[in-house]
Amino acid sequence: MQNSYFEHIAFHQSRNSCLFIENRIIRLCNEKAARLLGGQVETYIGSRLQDLSPEFQKDGKRTVDKEEEVFREAFFLGEYSFDWLCRPCPGEEPCPGEDRNLLIRLQFLKSSENNLYLANIEDKDQTRDDEKAHDYLRAIIEETEDIAVIKDLDLRIIQANRAFLRIAGKKNLHEIIGCTDEDIFNDHVDSRLLQRYMEDDRKAQKLDRGKFIINEEEVIYSDGSRHIYLTRKFPIYNSRDNLIATANISSDITEQKQTERDLEQIKKRYELAAKSGRVGVWDWNLIDNTIYLDQLLTEMLGYQPREIGPDFEKWKTMIHPQDRARVMREVHKNIEGKTGMYECEHRKLHRDGSIHWFLARGNSLRDPEGNAYRMIGTDLDITHQKEVEEELKEARKASEAANQAKSLFLANMSHELRTPLNAIIGYTQILEKDSQLDTPARGRLRVIERSGEHLLLLIDDLLDLSKIEAGKMELEPVETHLSNFLDDLYSMVRLRASEKGLELDFRYVEPLPMQIIVDQKRLRQILLNLLNNAIKYTDSGKVGLRVEKRTEKKRPVFRFSVADTGKGIPEDQKRHILKAFYQIRTHGEENEGTGLGLAITKRYLKMMNSRLHLDSTPGEGSVFWFDIRLPLTPRKKEDKQYQENGETEGEQQHKSDHRTRKIKDSNSMFPSPPPAEGLPDKKIIEKLYELSKVGDVFALEEEVKSLENTGAGYEEFSAPVRHALQDFEIDRIRNYLQSCLEQKNE
């Protein structure tokens, strides 16, 4: 046998696992075959196939018989393939390894004195595994969103996955097999783009095995949409190193490119914002003590980046000497993990010698062991802010001085004004008692008295507003009988409501407590301001106060609501009505008053941890309301008013009134007329009635006094008239006298 000939074939040409057999004896075995069989080359030289195998094969045949059969078949057929069970350790008993399931292709070479055969061996189990892996790989390629295409040397498609079919607008692979990119995309892709695809494919054909080219390509789908793909193209060689095709793998990076563009825009915006806001960035390497400063930060101090350099110690010298120790102390607190964020206001020295203020913020980066190795942060130039703060401090000092001067002025002026005003009001009241004055004169005196009272009220409002603004107003909460408080409030406003013919409606919802703790002076002023405003801006209908109590977090909360059916507040004036000295104007008319009531009300409520709310519709009316927490007075069981069920008589009364109490309008507040026998002579009642019709208050007062002085026992009849005269409530008196006449006639 010519060994050099066989060696050349076996070891220099074949990529397979090969055995050369002469007269059924193995003469040559290459390294691949030895590895496949599980031993060394010399182990198999001189052996027969049956020596490498167990006694029986998988099909049940004896190994000796099967060897005879396969060589005979190869001799007659020229080539014969068969399964063969082989032991990895021939001659060893027992064999430590598992039998190998081989596929042998036995090829008869020539017949002479010795019959020569070439056996190509494959591991059948490994082949199945390789086939499975190939199937898995193909399935992955089919399902991936990436495009996979294989083209022959003429750039015609020989294989492609579903992703390529999708962008090509095709459903089946046979529609594109044998086609070029130009055949598929020519109807909607620019020819220059197609030429670029083809040029890249030709470049890939010129590459060596394992080399590739990468390009970003624009891919136009069949629906016309444009996408950016990252394409990798590489050559495919066969086992004999012959180029047979090229492959393209393309990933859609459209979103990634858009993200890159967005990030670039964000970067530009950040740089613009940082430059506009004068925010510089620094990055300190704690390992080698070097620091990076961005260009803006160095420019803010008058330097170029190269002039400062990366030396941290040089950077530290730019911190103001008086601030340096404090800054470094705060820095090391963060490095040591004692603070979550480094933040420090300090001064730095500008190149021109000026001092600039900076707000530094930063944080440390740490390794897995928690050791800081880097610190990154920003420096914000706050020089202008500091200058403004200094100006504000000076302005505040000036404002405080002005407030003190104003308070002193108001205190002095209020004293100077009150003295003559009190004298005027006092003399007016004295003159009103003069019996010789006629009705018109008394009316003029009343005008003087009301004007004086109005001026006193204005002075009080100005003083209160001044005290509130100066922070010198303090609440003085006291125990207050709520029902009496509200009744007094009613009495204070009923005359004004009656004069305008308005219904005054006070409602108490839910049982109200007898006693509360509140600054009753301030609460009264708040409610009077709201009620007087409601009466002032209401021409017809009614004005009402609603009080209700509820519990929030086990604490009593009272809601006070003042409603009217007046003009309402225009939308454009709502935001101004709580300003001092502002008054609502309608149709060019200016209302009387100081314009301080609501401003003071707002400030009082703020002191009471509350706020004023408004609901208003022009032409329909307004509702002002506020919620306020008012502690209740602790009740004692020995209190006579405290009932067995823990309720006061007042609360029980509210419940008996269906949990709602309504104080009726002024015309219905009079008691019913006494019985006929308790009434004076009809002529006396008729005289009084005529005097009420003409509004002669003083004549009425004289007649009532004369009637009571007779001692005839008509006090039950005269008392309501006498009380109403004190408030000049003529309409109430007239209605009452009319009822008395009707009673007398019956």
# chains A, B, ... in the order shown; residues from 1 in each chain; ligands from 1
>>> select_by_dssp(residues="stretch 171-266 of chain A", states="helix (DSSP H, G or I)", output="PyMOL selection string")
chain A and resi 173-175+181-185+191-205+254-266
>>> closest_residue(among="A:Ala325, A:Val388, A:Leu301, A:Ile249", to="A:Leu349", atoms="only C-alpha atoms")
A:Leu301
>>> closest_residue(among="A:Glu742, A:Lys606, A:Ser692, A:Gln126", to="A:Ser672", atoms="only C-alpha atoms")
A:Glu742
>>> residues_around(residues="stretch 142-159 of chain A", least_positions_apart="2", cutoff="10 Å", atoms="only C-alpha atoms", output="count of residues only")
44
>>> atom_distance(atom1="atom CA of A:Ala398", atom2="atom CA of A:Lys602")
26.2 Å
>>> residues_around(residues="stretch 534-536 of chain A", least_positions_apart="2", cutoff="8 Å", atoms="only C-alpha atoms", output="count of residues only")
13
>>> decode(residues="stretch 340-385 of chain A", atoms="C-alpha atoms", output="tab-separated table (two decimals), in the first residue's frame")
chain	number	residue	atom	x	y	z
A	340	GLY	CA	-27.28	62.37	51.73
A	341	MET	CA	-26.36	65.37	49.57
A	342	TYR	CA	-23.59	67.94	49.69
A	343	GLU	CA	-24.97	71.48	49.59
A	344	CYS	CA	-23.14	74.63	50.56
A	345	GLU	CA	-23.34	78.35	49.80
A	346	HIS	CA	-19.92	79.97	49.64
A	347	ARG	CA	-17.82	82.61	47.95
A	348	LYS	CA	-15.19	82.16	45.25
A	349	LEU	CA	-12.50	84.52	44.05
A	350	HIS	CA	-12.81	85.78	40.47
A	351	ARG	CA	-9.73	86.32	38.39
A	352	ASP	CA	-10.33	90.08	38.43
A	353	GLY	CA	-10.34	90.08	42.25
A	354	SER	CA	-14.13	90.34	42.67
A	355	ILE	CA	-16.08	87.95	44.89
A	356	HIS	CA	-18.84	85.74	43.52
A	357	TRP	CA	-21.36	83.71	45.48
A	358	PHE	CA	-22.03	80.08	44.50
A	359	LEU	CA	-24.45	77.38	45.62
A	360	ALA	CA	-22.63	74.06	45.33
A	361	ARG	CA	-24.51	70.76	45.24
A	362	GLY	CA	-23.09	67.29	44.73
A	363	ASN	CA	-22.92	63.67	45.82
A	364	SER	CA	-20.39	60.86	46.10
A	365	LEU	CA	-20.21	57.72	43.99
A	366	ARG	CA	-19.30	54.60	45.96
A	367	ASP	CA	-17.87	51.15	45.22
A	368	PRO	CA	-19.61	47.93	46.40
A	369	GLU	CA	-17.87	48.26	49.78
A	370	GLY	CA	-19.35	51.73	50.23
A	371	ASN	CA	-16.09	53.65	49.76
A	372	ALA	CA	-16.40	56.96	47.91
A	373	TYR	CA	-14.19	57.12	44.84
A	374	ARG	CA	-15.69	60.05	42.96
A	375	MET	CA	-17.77	63.16	43.64
A	376	ILE	CA	-19.86	64.94	41.03
A	377	GLY	CA	-21.79	68.17	41.40
A	378	THR	CA	-22.70	71.64	40.18
A	379	ASP	CA	-21.93	75.23	41.09
A	380	LEU	CA	-24.75	77.74	40.62
A	381	ASP	CA	-23.78	81.41	40.49
A	382	ILE	CA	-26.08	83.13	43.03
A	383	THR	CA	-24.24	86.44	43.19
A	384	HIS	CA	-27.23	88.39	41.88
A	385	GLN	CA	-29.54	86.57	44.30
